[in-house]
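Undergrad: Below is run32.pdb; it holds PDB, C-alpha atoms, pLDDT in the B column.
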```pdb
ATOM      1  CA  MET D   1       7.900  16.198  68.028  1.00 90.00           C
ATOM      2  CA  LEU D   2      10.154  14.894  65.223  1.00 95.00           C
ATOM      3  CA  LYS D   3      13.678  16.109  64.489  1.00 95.00           C
ATOM      4  CA  ILE D   4      15.809  14.670  61.690  1.00 95.00           C
ATOM      5  CA  PHE D   5      19.431  15.696  61.330  1.00 95.00           C
ATOM      6  CA  ASN D   6      21.799  14.755  58.489  1.00 95.00           C
ATOM      7  CA  LEU D   7      19.804  11.614  57.714  1.00 95.00           C
ATOM      8  CA  LYS D   8      21.453   9.291  55.224  1.00 95.00           C
ATOM      9  CA  ALA D   9      20.041   5.990  54.004  1.00 94.00           C
ATOM     10  CA  SER D  10      21.210   3.430  51.485  1.00 94.00           C
ATOM     11  CA  THR D  11      20.077   0.011  50.332  1.00 93.00           C
ATOM     12  CA  GLY D  12      21.617  -2.484  47.943  1.00 89.00           C
ATOM     13  CA  GLY D  13      24.742  -0.354  47.790  1.00 88.00           C
ATOM     14  CA  LYS D  14      22.806   2.671  46.518  1.00 93.00           C
ATOM     15  CA  ASP D  15      22.734   5.953  48.435  1.00 94.00           C
ATOM     16  CA  ILE D  16      19.188   7.342  48.529  1.00 95.00           C
ATOM     17  CA  LEU D  17      18.927   9.870  51.353  1.00 95.00           C
ATOM     18  CA  LYS D  18      22.011  12.080  51.410  1.00 94.00           C
ATOM     19  CA  GLY D  19      21.870  14.345  54.439  1.00 93.00           C
ATOM     20  CA  LEU D  20      18.216  15.227  55.045  1.00 94.00           C
ATOM     21  CA  ASN D  21      17.220  17.709  57.773  1.00 95.00           C
ATOM     22  CA  LEU D  22      13.642  18.209  58.938  1.00 95.00           C
ATOM     23  CA  GLU D  23      11.744  19.286  62.050  1.00 96.00           C
ATOM     24  CA  ILE D  24       8.015  18.732  62.579  1.00 96.00           C
ATOM     25  CA  LYS D  25       6.331  20.163  65.675  1.00 96.00           C
ATOM     26  CA  ALA D  26       3.174  18.901  67.369  1.00 94.00           C
ATOM     27  CA  GLY D  27       0.050  20.155  65.611  1.00 94.00           C
ATOM     28  CA  GLU D  28       1.798  20.642  62.267  1.00 95.00           C
ATOM     29  CA  VAL D  29       1.142  19.115  58.858  1.00 95.00           C
ATOM     30  CA  HIS D  30       4.150  18.897  56.533  1.00 95.00           C
ATOM     31  CA  ALA D  31       4.119  17.719  52.932  1.00 94.00           C
ATOM     32  CA  ILE D  32       6.992  16.229  50.950  1.00 94.00           C
ATOM     33  CA  MET D  33       6.917  16.568  47.173  1.00 91.00           C
ATOM     34  CA  GLY D  34       9.534  15.674  44.589  1.00 87.00           C
ATOM     35  CA  PRO D  35      10.258  13.763  41.393  1.00 85.00           C
ATOM     36  CA  ASN D  36      10.352   9.972  41.138  1.00 85.00           C
ATOM     37  CA  GLY D  37      13.481   8.514  42.693  1.00 86.00           C
ATOM     38  CA  SER D  38      14.130  11.484  44.962  1.00 89.00           C
ATOM     39  CA  GLY D  39      13.811   9.387  48.151  1.00 91.00           C
ATOM     40  CA  LYS D  40      10.259  10.104  49.313  1.00 91.00           C
ATOM     41  CA  SER D  41       9.188   6.515  50.001  1.00 90.00           C
ATOM     42  CA  THR D  42      12.616   5.690  51.436  1.00 93.00           C
ATOM     43  CA  LEU D  43      12.093   8.477  53.970  1.00 94.00           C
ATOM     44  CA  ALA D  44       8.715   6.996  54.915  1.00 93.00           C
ATOM     45  CA  ASN D  45      10.198   3.511  55.273  1.00 92.00           C
ATOM     46  CA  VAL D  46      13.143   4.696  57.355  1.00 94.00           C
ATOM     47  CA  LEU D  47      10.888   6.668  59.711  1.00 94.00           C
ATOM     48  CA  SER D  48       8.671   3.627  60.265  1.00 91.00           C
ATOM     49  CA  GLY D  49      11.696   1.397  60.915  1.00 91.00           C
ATOM     50  CA  LYS D  50      11.411  -0.884  57.910  1.00 90.00           C
ATOM     51  CA  PRO D  51      14.492  -3.148  57.794  1.00 90.00           C
ATOM     52  CA  GLY D  52      16.835  -3.354  54.817  1.00 90.00           C
ATOM     53  CA  TYR D  53      18.338   0.143  54.996  1.00 93.00           C
ATOM     54  CA  GLN D  54      21.714   1.285  56.239  1.00 93.00           C
ATOM     55  CA  VAL D  55      20.984   4.469  58.151  1.00 93.00           C
ATOM     56  CA  SER D  56      23.132   7.185  59.711  1.00 93.00           C
ATOM     57  CA  GLY D  57      22.380  10.602  61.139  1.00 94.00           C
ATOM     58  CA  GLU D  58      19.753  11.185  63.794  1.00 93.00           C
ATOM     59  CA  ILE D  59      16.012  10.619  64.022  1.00 94.00           C
ATOM     60  CA  ASN D  60      14.564  11.940  67.288  1.00 94.00           C
ATOM     61  CA  PHE D  61      10.915  11.447  68.208  1.00 94.00           C
ATOM     62  CA  GLU D  62       9.688  13.228  71.335  1.00 92.00           C
ATOM     63  CA  GLY D  63      13.277  13.491  72.529  1.00 89.00           C
ATOM     64  CA  LYS D  64      14.087   9.814  72.005  1.00 90.00           C
ATOM     65  CA  LYS D  65      16.581   8.644  69.399  1.00 92.00           C
ATOM     66  CA  LEU D  66      14.850   6.212  67.029  1.00 88.00           C
ATOM     67  CA  ASN D  67      17.751   4.949  64.924  1.00 86.00           C
ATOM     68  CA  ASN D  68      17.922   1.478  66.514  1.00 85.00           C
ATOM     69  CA  VAL D  69      14.329   1.213  67.715  1.00 90.00           C
ATOM     70  CA  PRO D  70      12.511  -1.745  66.047  1.00 90.00           C
ATOM     71  CA  ILE D  71       9.467  -1.190  63.878  1.00 89.00           C
ATOM     72  CA  GLU D  72       6.935  -2.589  66.374  1.00 89.00           C
ATOM     73  CA  GLU D  73       8.232  -0.359  69.183  1.00 90.00           C
ATOM     74  CA  ARG D  74       7.970   2.695  66.947  1.00 91.00           C
ATOM     75  CA  ALA D  75       4.316   1.828  66.311  1.00 90.00           C
ATOM     76  CA  GLN D  76       3.727   1.423  70.042  1.00 89.00           C
ATOM     77  CA  ASN D  77       5.326   4.828  70.614  1.00 90.00           C
ATOM     78  CA  GLY D  78       2.820   6.432  68.233  1.00 92.00           C
ATOM     79  CA  ILE D  79       4.318   6.351  64.739  1.00 94.00           C
ATOM     80  CA  PHE D  80       1.996   5.253  61.932  1.00 93.00           C
ATOM     81  CA  LEU D  81       2.673   4.624  58.245  1.00 90.00           C
ATOM     82  CA  ALA D  82      -0.076   4.509  55.620  1.00 87.00           C
ATOM     83  CA  PHE D  83       1.389   2.530  52.738  1.00 81.00           C
ATOM     84  CA  GLN D  84       1.433   3.628  49.130  1.00 76.00           C
ATOM     85  CA  TYR D  85       0.476   0.063  48.171  1.00 76.00           C
ATOM     86  CA  PRO D  86      -1.330  -1.604  51.111  1.00 77.00           C
ATOM     87  CA  LEU D  87      -0.689  -5.335  51.281  1.00 79.00           C
ATOM     88  CA  GLU D  88      -3.334  -7.960  50.717  1.00 80.00           C
ATOM     89  CA  ILE D  89      -3.177 -10.653  53.420  1.00 86.00           C
ATOM     90  CA  PRO D  90      -5.290 -13.690  52.497  1.00 90.00           C
ATOM     91  CA  GLY D  91      -6.745 -15.594  55.441  1.00 90.00           C
ATOM     92  CA  VAL D  92      -6.568 -12.636  57.843  1.00 88.00           C
ATOM     93  CA  ASN D  93      -9.935 -11.137  58.743  1.00 90.00           C
ATOM     94  CA  THR D  94      -9.931  -7.322  58.559  1.00 89.00           C
ATOM     95  CA  SER D  95     -11.815  -6.828  61.822  1.00 90.00           C
ATOM     96  CA  ASN D  96      -9.635  -9.333  63.710  1.00 90.00           C
ATOM     97  CA  PHE D  97      -6.491  -7.677  62.349  1.00 90.00           C
ATOM     98  CA  LEU D  98      -7.623  -4.250  63.505  1.00 90.00           C
ATOM     99  CA  ARG D  99      -8.640  -5.510  66.958  1.00 91.00           C
ATOM    100  CA  THR D 100      -5.267  -7.232  67.395  1.00 91.00           C
ATOM    101  CA  ALA D 101      -3.471  -4.035  66.355  1.00 90.00           C
ATOM    102  CA  ILE D 102      -5.378  -1.720  68.659  1.00 91.00           C
ATOM    103  CA  ASN D 103      -5.080  -4.095  71.637  1.00 92.00           C
ATOM    104  CA  SER D 104      -1.356  -4.429  71.043  1.00 90.00           C
ATOM    105  CA  ILE D 105      -1.026  -0.646  71.282  1.00 89.00           C
ATOM    106  CA  ARG D 106      -3.239  -0.493  74.378  1.00 90.00           C
ATOM    107  CA  LYS D 107      -1.272  -3.276  76.058  1.00 90.00           C
ATOM    108  CA  SER D 108       2.033  -1.462  75.415  1.00 87.00           C
ATOM    109  CA  LYS D 109       0.576   1.581  77.224  1.00 87.00           C
ATOM    110  CA  GLY D 110      -0.599  -0.490  80.189  1.00 89.00           C
ATOM    111  CA  GLU D 111      -4.234  -0.005  79.195  1.00 89.00           C
ATOM    112  CA  LYS D 112      -6.956  -2.643  79.337  1.00 91.00           C
ATOM    113  CA  GLU D 113      -7.599  -4.449  76.046  1.00 91.00           C
ATOM    114  CA  LEU D 114     -10.928  -3.844  74.335  1.00 90.00           C
ATOM    115  CA  ASP D 115     -13.429  -6.665  74.590  1.00 90.00           C
ATOM    116  CA  ALA D 116     -15.304  -7.820  71.504  1.00 89.00           C
ATOM    117  CA  LEU D 117     -18.414  -5.713  72.073  1.00 91.00           C
ATOM    118  CA  SER D 118     -16.490  -2.520  72.827  1.00 92.00           C
ATOM    119  CA  PHE D 119     -14.342  -3.024  69.746  1.00 91.00           C
ATOM    120  CA  ILE D 120     -17.309  -3.681  67.461  1.00 90.00           C
ATOM    121  CA  LYS D 121     -18.981  -0.476  68.661  1.00 91.00           C
ATOM    122  CA  LEU D 122     -15.785   1.501  68.077  1.00 91.00           C
ATOM    123  CA  ILE D 123     -14.967   0.108  64.637  1.00 91.00           C
ATOM    124  CA  LYS D 124     -18.516   0.601  63.381  1.00 90.00           C
ATOM    125  CA  GLU D 125     -18.410   4.225  64.499  1.00 90.00           C
ATOM    126  CA  LYS D 126     -15.066   4.900  62.767  1.00 89.00           C
ATOM    127  CA  ALA D 127     -16.028   2.975  59.629  1.00 89.00           C
ATOM    128  CA  SER D 128     -19.225   5.000  59.330  1.00 87.00           C
ATOM    129  CA  GLU D 129     -17.218   8.246  59.491  1.00 84.00           C
ATOM    130  CA  LEU D 130     -15.184   7.059  56.479  1.00 82.00           C
ATOM    131  CA  LYS D 131     -18.209   5.677  54.616  1.00 82.00           C
ATOM    132  CA  ILE D 132     -16.791   2.150  54.768  1.00 83.00           C
ATOM    133  CA  ASP D 133     -19.411  -0.548  54.290  1.00 82.00           C
ATOM    134  CA  GLU D 134     -19.480  -2.815  57.365  1.00 82.00           C
ATOM    135  CA  LYS D 135     -19.327  -5.912  55.164  1.00 83.00           C
ATOM    136  CA  PHE D 136     -15.722  -5.062  54.290  1.00 82.00           C
ATOM    137  CA  LEU D 137     -14.766  -5.478  57.937  1.00 86.00           C
ATOM    138  CA  SER D 138     -15.536  -9.201  57.781  1.00 87.00           C
ATOM    139  CA  ARG D 139     -13.525  -9.781  54.590  1.00 88.00           C
ATOM    140  CA  GLN D 140      -9.896 -10.810  54.276  1.00 87.00           C
ATOM    141  CA  LEU D 141      -7.525  -7.889  54.785  1.00 83.00           C
ATOM    142  CA  ASN D 142      -7.469  -5.788  51.573  1.00 82.00           C
ATOM    143  CA  VAL D 143      -8.164  -8.885  49.442  1.00 84.00           C
ATOM    144  CA  GLY D 144     -10.294  -7.857  46.480  1.00 82.00           C
ATOM    145  CA  PHE D 145     -10.519  -4.271  47.741  1.00 82.00           C
ATOM    146  CA  SER D 146     -10.370  -1.454  45.225  1.00 80.00           C
ATOM    147  CA  GLY D 147      -7.556   1.078  45.500  1.00 78.00           C
ATOM    148  CA  GLY D 148      -9.856   3.537  47.224  1.00 77.00           C
ATOM    149  CA  GLU D 149     -11.127   0.913  49.691  1.00 82.00           C
ATOM    150  CA  LYS D 150      -7.557  -0.027  50.621  1.00 84.00           C
ATOM    151  CA  LYS D 151      -6.659   3.598  51.278  1.00 83.00           C
ATOM    152  CA  LYS D 152      -9.801   4.179  53.334  1.00 84.00           C
ATOM    153  CA  ASN D 153      -8.905   1.058  55.321  1.00 86.00           C
ATOM    154  CA  GLU D 154      -5.490   2.599  56.052  1.00 87.00           C
ATOM    155  CA  ILE D 155      -7.128   5.777  57.374  1.00 88.00           C
ATOM    156  CA  LEU D 156      -9.509   3.621  59.442  1.00 89.00           C
ATOM    157  CA  GLN D 157      -6.461   1.992  61.043  1.00 89.00           C
ATOM    158  CA  MET D 158      -5.026   5.418  61.783  1.00 91.00           C
ATOM    159  CA  LYS D 159      -8.181   6.637  63.472  1.00 90.00           C
ATOM    160  CA  LEU D 160      -8.418   3.463  65.557  1.00 90.00           C
ATOM    161  CA  LEU D 161      -4.766   3.449  66.635  1.00 90.00           C
ATOM    162  CA  GLU D 162      -4.673   7.216  67.321  1.00 91.00           C
ATOM    163  CA  PRO D 163      -0.950   7.733  66.541  1.00 93.00           C
ATOM    164  CA  LYS D 164       0.961  10.859  67.499  1.00 94.00           C
ATOM    165  CA  PHE D 165       2.798  11.045  64.165  1.00 95.00           C
ATOM    166  CA  SER D 166       1.363   9.767  60.886  1.00 95.00           C
ATOM    167  CA  VAL D 167       3.235   9.325  57.617  1.00 94.00           C
ATOM    168  CA  LEU D 168       0.960   9.108  54.576  1.00 91.00           C
ATOM    169  CA  ASP D 169       2.960   7.725  51.650  1.00 88.00           C
ATOM    170  CA  GLU D 170       1.151   8.768  48.463  1.00 84.00           C
ATOM    171  CA  THR D 171      -2.210   7.962  49.999  1.00 80.00           C
ATOM    172  CA  ASP D 172      -3.855   9.846  47.120  1.00 78.00           C
ATOM    173  CA  SER D 173      -2.495   7.539  44.392  1.00 75.00           C
ATOM    174  CA  GLY D 174      -5.260   5.659  42.610  1.00 72.00           C
ATOM    175  CA  LEU D 175      -8.092   7.570  44.278  1.00 78.00           C
ATOM    176  CA  ASP D 176     -11.023   9.068  42.431  1.00 79.00           C
ATOM    177  CA  ILE D 177     -12.270  12.462  43.610  1.00 84.00           C
ATOM    178  CA  ASP D 178     -14.928  11.040  45.966  1.00 82.00           C
ATOM    179  CA  ALA D 179     -12.492   8.652  47.690  1.00 79.00           C
ATOM    180  CA  LEU D 180      -9.918  11.449  47.894  1.00 85.00           C
ATOM    181  CA  ARG D 181     -12.367  13.662  49.743  1.00 85.00           C
ATOM    182  CA  ILE D 182     -13.293  10.881  52.156  1.00 81.00           C
ATOM    183  CA  VAL D 183      -9.651  10.129  52.928  1.00 82.00           C
ATOM    184  CA  ALA D 184      -8.858  13.838  53.350  1.00 87.00           C
ATOM    185  CA  ASP D 185     -11.876  14.328  55.623  1.00 87.00           C
ATOM    186  CA  GLY D 186     -10.660  11.384  57.714  1.00 84.00           C
ATOM    187  CA  VAL D 187      -7.258  12.999  58.137  1.00 87.00           C
ATOM    188  CA  ASN D 188      -8.679  16.448  58.834  1.00 90.00           C
ATOM    189  CA  SER D 189     -11.045  15.112  61.473  1.00 87.00           C
ATOM    190  CA  TYR D 190      -8.136  13.473  63.298  1.00 89.00           C
ATOM    191  CA  LYS D 191      -5.781  16.483  63.217  1.00 89.00           C
ATOM    192  CA  ASN D 192      -5.270  18.207  66.552  1.00 90.00           C
ATOM    193  CA  LYS D 193      -2.656  20.185  68.492  1.00 92.00           C
ATOM    194  CA  ASP D 194      -1.055  17.038  69.918  1.00 92.00           C
ATOM    195  CA  ASN D 195      -0.404  15.053  66.719  1.00 94.00           C
ATOM    196  CA  SER D 196       1.365  15.747  63.453  1.00 95.00           C
ATOM    197  CA  PHE D 197       1.484  14.521  59.870  1.00 95.00           C
ATOM    198  CA  LEU D 198       3.996  14.024  57.093  1.00 95.00           C
ATOM    199  CA  ILE D 199       2.177  13.746  53.765  1.00 93.00           C
ATOM    200  CA  ILE D 200       4.129  12.411  50.798  1.00 91.00           C
ATOM    201  CA  THR D 201       2.533  13.199  47.463  1.00 88.00           C
ATOM    202  CA  HIS D 202       3.204  13.960  43.814  1.00 81.00           C
ATOM    203  CA  TYR D 203       0.185  16.176  43.342  1.00 79.00           C
ATOM    204  CA  GLN D 204      -1.309  19.396  44.636  1.00 83.00           C
ATOM    205  CA  ARG D 205      -4.835  17.955  44.554  1.00 83.00           C
ATOM    206  CA  LEU D 206      -4.487  16.219  47.956  1.00 85.00           C
ATOM    207  CA  LEU D 207      -3.070  19.420  49.455  1.00 88.00           C
ATOM    208  CA  ASP D 208      -6.179  21.278  48.302  1.00 87.00           C
ATOM    209  CA  TYR D 209      -8.065  19.213  50.908  1.00 88.00           C
ATOM    210  CA  ILE D 210      -5.397  18.702  53.590  1.00 89.00           C
ATOM    211  CA  LYS D 211      -3.783  22.092  54.064  1.00 90.00           C
ATOM    212  CA  PRO D 212      -0.101  21.722  55.018  1.00 92.00           C
ATOM    213  CA  ASP D 213       1.742  24.174  57.208  1.00 93.00           C
ATOM    214  CA  PHE D 214       4.905  23.570  55.194  1.00 94.00           C
ATOM    215  CA  ILE D 215       5.803  21.970  51.866  1.00 94.00           C
ATOM    216  CA  HIS D 216       9.290  20.574  51.272  1.00 94.00           C
ATOM    217  CA  VAL D 217      10.764  19.620  47.914  1.00 93.00           C
ATOM    218  CA  LEU D 218      12.950  16.512  48.022  1.00 92.00           C
ATOM    219  CA  SER D 219      15.476  16.026  45.228  1.00 90.00           C
ATOM    220  CA  ASP D 220      18.366  13.567  45.047  1.00 90.00           C
ATOM    221  CA  GLY D 221      18.011  12.643  48.703  1.00 91.00           C
ATOM    222  CA  LYS D 222      17.947  16.175  50.142  1.00 92.00           C
ATOM    223  CA  ILE D 223      15.370  18.862  50.837  1.00 94.00           C
ATOM    224  CA  ILE D 224      16.203  21.637  48.400  1.00 92.00           C
ATOM    225  CA  LYS D 225      13.322  24.052  49.070  1.00 91.00           C
ATOM    226  CA  THR D 226      10.733  24.710  51.773  1.00 92.00           C
ATOM    227  CA  GLY D 227       7.690  26.937  51.572  1.00 91.00           C
ATOM    228  CA  ARG D 228       4.058  27.417  52.497  1.00 90.00           C
ATOM    229  CA  SER D 229       1.027  26.166  50.578  1.00 83.00           C
ATOM    230  CA  GLU D 230       1.790  28.453  47.641  1.00 84.00           C
ATOM    231  CA  LEU D 231       4.838  26.324  46.846  1.00 85.00           C
ATOM    232  CA  GLY D 232       2.643  23.363  45.936  1.00 81.00           C
ATOM    233  CA  GLN D 233       0.602  25.488  43.570  1.00 82.00           C
ATOM    234  CA  GLN D 234       3.796  26.779  41.978  1.00 83.00           C
ATOM    235  CA  LEU D 235       5.129  23.249  41.455  1.00 83.00           C
ATOM    236  CA  GLU D 236       1.849  22.219  39.868  1.00 79.00           C
ATOM    237  CA  LYS D 237       2.395  24.900  37.217  1.00 80.00           C
ATOM    238  CA  THR D 238       6.149  24.780  36.664  1.00 80.00           C
ATOM    239  CA  GLY D 239       7.371  21.350  37.805  1.00 78.00           C
ATOM    240  CA  TYR D 240      10.673  20.688  39.560  1.00 76.00           C
ATOM    241  CA  LYS D 241      13.254  21.522  36.913  1.00 74.00           C
ATOM    242  CA  HIS D 242      13.365  25.230  37.694  1.00 68.00           C
ATOM    243  CA  LEU D 243      14.352  24.439  41.303  1.00 69.00           C
ATOM    244  CA  ASN D 244      17.558  22.609  40.382  1.00 57.00           C
TER     245      ASN D 244
END
```
Could you show the structure in this file as structure tokens?

TA:
Amino acid sequence: MLKIFNLKASTGGKDILKGLNLEIKAGEVHAIMGPNGSGKSTLANVLSGKPGYQVSGEINFEGKKLNNVPIEERAQNGIFLAFQYPLEIPGVNTSNFLRTAINSIRKSKGEKELDALSFIKLIKEKASELKIDEKFLSRQLNVGFSGGEKKKNEILQMKLLEPKFSVLDETDSGLDIDALRIVADGVNSYKNKDNSFLIITHYQRLLDYIKPDFIHVLSDGKIIKTGRSELGQQLEKTGYKHLN
């Protein structure tokens, strides 16, 4: 599904990714771990198409080169990014935002847009699965939301948009144990043989709930070690220094 070869990325004259290679197949969950400043969030931003980076190497998604594909087209093609720090957007109603997003995706696929009643039925169903109070859907997007509510709202977007490839950038940061379980359950319920995930995290605790097929350690812009779930448990005990 996703193949990355010799990916390099810089911004502000600073080299961040320095020749990263990675392949993620349909149905797989991969996790990226690594110390602060290793390039984890830069990788997430580059995959989503965020501007401001000078990028070389190759990013192929379902056989199509993504390097020069704009951010909105990547989303229409099925790439989703859950932000580490979701933005608050005053004046934008959460429900209206989500309906606009899902209809934009449907329109790009040549599908009929959802009418108001169909959308309300769908969003209530998905919100209930994530234990999101319906009153939050009528509030301004993320404004006044707790950290956990913002992250659950990100997972709600994912389940509504039904992406093929989801990047979760430190979705576990700022979550208490109950919110963490709800977010993890939301991800696990969406996993299937046709989609895949890249989970970026500092901690093993999220990977106790979302079991990855592979864990990669990112250091100084490169993947320096790859392993199964046991690698995360090892890192929790010993840290990263012994890998250098």

Undergrad: Any chance you could resolve the PyMOL selection byres ((chain D and resi 180-186) around 9) against this file and give the residues as a list in words?

TA: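 Taken on the displayed file, the PyMOL selection byres ((chain D and resi 180-186) around 9) yields the residues Glu129, Leu130, Lys131, Gly148, Lys151, Lys152, Ile155, Leu156, Lys159, Thr171, Asp172, Leu175, Asp176, Ile177, Asp178, Ala179, Val187, Asn188, Ser189, Tyr190, Lys191, Arg205, Leu206, Leu207, Tyr209 and Ile210 of chain D.
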
Undergrad: Report as a ChimeraX atom specification the full result of the PyMOL selection byres ((chain D and resi 218-220) around 10) when it is applied to this structure.

TA: /D:15-18,20,32-40,215-217,221-226,240,243-244

Undergrad: Under the PyMOL selection byres ((chain D and resi 65) around 12), which residues of this model are included? Write them out as a ChimeraX atom specification.

TA: /D:1-5,47,56-64,66-70,74,77

Undergrad: Restricting the calculation to all atoms listed in the file: of D:Glu28, D:Asp194, D:Ala82, D:Gly232, which residue gets closest to D:Lys164?

TA: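 Distance minimum relative to D:Lys164 lands on D:Asp194.
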
Undergrad: For stretch 108-121 of chain D, work out the shell of residues within 9 Å, counting all atoms listed in the file and skipping chain neighbours fewer than 3 positions away, then give it as a PyMOL selection string.

TA: chain D and resi 73+76-77+95+99+102-105+124-126

Undergrad: Could you write out as lines of an AutoDock Vina configuration file the box around stretch 52-70 of chain D (axis-aligned, all atoms listed in the file, 8 Å on each side), with centre and edge lengths in Å to one decimal?

TA:
```
center_x = 16.4
center_y = 5.1
center_z = 63.7
size_x = 29.4
size_y = 32.8
size_z = 33.7
```

Undergrad: Which one of D:Val46, D:Val167, D:Leu122, D:Leu87 sits closest to D:Lys150 if you count only C-alpha atoms?

TA: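 The answer is D:Leu87, which sits nearest to D:Lys150.
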
Undergrad: Looking at D:Ile132, D:Ala44, D:Leu235, D:Leu141, which one is nearest to D:Phe83, with distances taken over only C-alpha atoms?

TA: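 Of the candidates, the smallest distance to D:Phe83 is held by D:Ala44.
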
Undergrad: With distances taken over all atoms listed in the file, which residue among D:Gly147, D:Pro51, D:Gly13, D:Gly27 lies nearest D:Leu198?

TA: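 Smallest separation from D:Leu198 among the options: D:Gly27.
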
Undergrad: Please, what distance in Å, to one decimal, runs between atom CA of D:Thr238 and atom CA of D:Gln204?

TA: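 Between atom CA of D:Thr238 and atom CA of D:Gln204 the gap works out to 12.2 Å.
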
Undergrad: Take atom CA of D:Ser10 and atom CA of D:Thr201 and report the distance between them in Å, one decimal.

TA: 21.5 Å

Undergrad: Rounded to one decimal place, report the atom CA of D:Ile24-atom CA of D:Ile123 distance in Å.

TA: 29.7 Å

Undergrad: Go through D:Ser48, D:Ser138, D:Thr94, D:Ser229 one by one, measure the shortest atom-to-atom distance of each to D:Gly78 using all atoms listed in the file, and give the residue with the smallest value.

TA: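 Comparing D:Ser48, D:Ser138, D:Thr94, D:Ser229 against D:Gly78, the winner is D:Ser48.
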